[in-house]
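Down below is the structure, laid out as structure tokens.
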Amino acid sequence: MHQLTYGDIEAATERIAGRIRPVTLVPVDPGAVPTYRDPLDDREPEPCEVWLALEYMQHTGSFKARGAQNFIQAHRDAGTLPDAGVTIASGGNAGLACAWAAQQQGITATVFLPTTAPPVKVAKLRGYGADVRLVGAEYAEALAACADFAAESGALASHAYDHPLIAAGAGTLLEEIHRQIPGLDTVVVAVGGGGLFTGVATAARHHGIRTVAVEPENCRALNAAIEAGHLVDVTVDSIAADSLGARRTSQMALHAARQDGVHSVLVTDTEIVRARQTLWDDRKVVVEHGTAAALAALTSPAGQLPDRDLPPRPAAPSHGYRPGNGEKVAVVLCGANTDPADLVHRPGEH
């Protein structure tokens, strides 16, 4: 298994330059995120500085466009794109990104999704000209059908998260964030299968930035793998399962999680819903529940301050994350392919 390196991310950054939208960063109002106060710290209280990385404004509405563009462009450069095009199994966002990148390159994309995929994502996929095939109730079933199709047709098989070119493309996001926020201490990112986390954590470690990996309590493939010391299958039962619902994380993600400066935390579905609603109430931003999980880690009333100086180890899972005194934090809002109908509209809103 190829373990992602910072060199992979540097190559991806050069490869997709000018082909994706640079991320926009906006500050959170001072005091909106609680700061942990160490009783042994006698410094004057200083609020944390929190920024939102608006990656949901990326092509196709999520960070996945970075990895898909890097994957297809790398094969284009190597002359290894087959006539049958590319195929992928995806809960939605990775399929959208693959279909978009394929359209950009003038090749065919065949996308396999579970039948539980949100209709809004299916419609968008077809809008990009993809051949959409709905198979099974879970991602694993769609993945098996995709593998069979690739073997029969000769199509190039991509992956939603478990591929070094996909993860490296995702890691280019941290490179942009790092350039825009001097002295960044921490990046907070939601974790599903682990592609975004792997890329971001690999780049963050190179720059001396800690990574907080956030998962729903009942959808925690990475957290469970850290506890077990190896990859395990987990139950998928969360409101954010459509984007964070991987039953098993990748070996690359587990390797990245074992490095210094990475902290795995959990949040409840209630906190995810509250964070998503807060983004709508405060900024009129509509994101997926999986995206809101990252912000929920900071706004959770039970947020903890993990031991910052030690790598993750088997222990009771941390709940939420509290930035320290004066800490600079970037929260990745990674996708917005969602139906806003369940957001509460306040009186006077239109």
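Residue numbering restarts at 1 in every chain; chains get A, B, ... in the order shown in the structure tokens, and ligands count up from 1 in that same order.
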Per residue of stretch 157-218 of chain A within 12 Å of stretch 134-144 of chain A, note the shortest atom pair and the distance in Å to one decimal, counting only C-alpha atoms, and order the rows by chain and increasing residue number, as a Markdown table.
```
| residue | atom | partner | partner_atom | distance |
| --- | --- | --- | --- | --- |
| A:Ala157 | CA | A:Leu143 | CA | 10.1 |
| A:Ser158 | CA | A:Leu143 | CA | 10.3 |
| A:His159 | CA | A:Leu143 | CA | 8.7 |
| A:Ala160 | CA | A:Leu143 | CA | 9.5 |
| A:Tyr161 | CA | A:Leu143 | CA | 11.9 |
| A:Asp162 | CA | A:Leu143 | CA | 11.8 |
| A:Gly192 | CA | A:Tyr139 | CA | 11.8 |
| A:Gly193 | CA | A:Tyr139 | CA | 10.7 |
```
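Taking atom CA of A:Val33 as the reference point, atom CA of A:Val189 is found at 15.9 Å.
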Closest of A:Gly85, A:Gly129, A:Gly31, A:Gly208 to A:Thr299 - atom-to-atom distances counting only C-alpha atoms:
A:Gly31
All residues 8 Å or closer to stretch 125-127 of chain A, only C-alpha atoms, same chain fewer than 5 positions away omitted, as a PDB file with N, CA, C and O atoms, in the first residue's frame:
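What ended up in part-v9.pdb:
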```
ATOM      1  N   GLY A  95     -18.651  10.659  -7.008  1.00  0.00           N
ATOM      2  CA  GLY A  95     -19.179  10.396  -8.337  1.00  0.00           C
ATOM      3  C   GLY A  95     -19.389  11.674  -9.120  1.00  0.00           C
ATOM      4  O   GLY A  95     -19.074  11.751 -10.313  1.00  0.00           O
ATOM      5  N   LEU A  96     -19.939  12.693  -8.454  1.00  0.00           N
ATOM      6  CA  LEU A  96     -20.118  13.995  -9.100  1.00  0.00           C
ATOM      7  C   LEU A  96     -18.780  14.542  -9.590  1.00  0.00           C
ATOM      8  O   LEU A  96     -18.658  15.030 -10.713  1.00  0.00           O
ATOM      9  N   ALA A  99     -17.463  12.503 -12.540  1.00  0.00           N
ATOM     10  CA  ALA A  99     -18.219  12.810 -13.760  1.00  0.00           C
ATOM     11  C   ALA A  99     -17.813  14.174 -14.316  1.00  0.00           C
ATOM     12  O   ALA A  99     -17.658  14.345 -15.537  1.00  0.00           O
ATOM     13  N   VAL A 132     -25.373   6.676 -14.861  1.00  0.00           N
ATOM     14  CA  VAL A 132     -25.595   6.401 -13.441  1.00  0.00           C
ATOM     15  C   VAL A 132     -26.254   5.044 -13.263  1.00  0.00           C
ATOM     16  O   VAL A 132     -27.276   4.755 -13.878  1.00  0.00           O
TER      17      VAL A 132
END
```
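The coordinates place atom CA of A:Asp131 at 27.8 Å from atom CA of A:Ala17.
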Residues of stretch 59-164 of chain A within 12 Å of stretch 6-14 of chain A: nearest atom pair and distance (Å, one decimal) for each, counting only C-alpha atoms, sorted by chain and number, as CSV?
```
residue,atom,partner,partner_atom,distance
A:Arg66,CA,A:Ala12,CA,8.7
A:Gly67,CA,A:Ala12,CA,8.5
A:Ala68,CA,A:Ala12,CA,10.8
A:Gln69,CA,A:Ala12,CA,9.2
A:Asn70,CA,A:Ala12,CA,6.0
A:Phe71,CA,A:Ala12,CA,8.9
A:Ile72,CA,A:Ala12,CA,11.3
A:Gln73,CA,A:Ala12,CA,9.5
A:Ala74,CA,A:Ala12,CA,8.6
A:His163,CA,A:Asp8,CA,11.6
A:Pro164,CA,A:Asp8,CA,7.8
```
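Taking only C-alpha atoms into account, A:Ala89 lies nearest to A:Ala147 out of the set A:Cys219, A:Ala101, A:Val285, A:Ala147.
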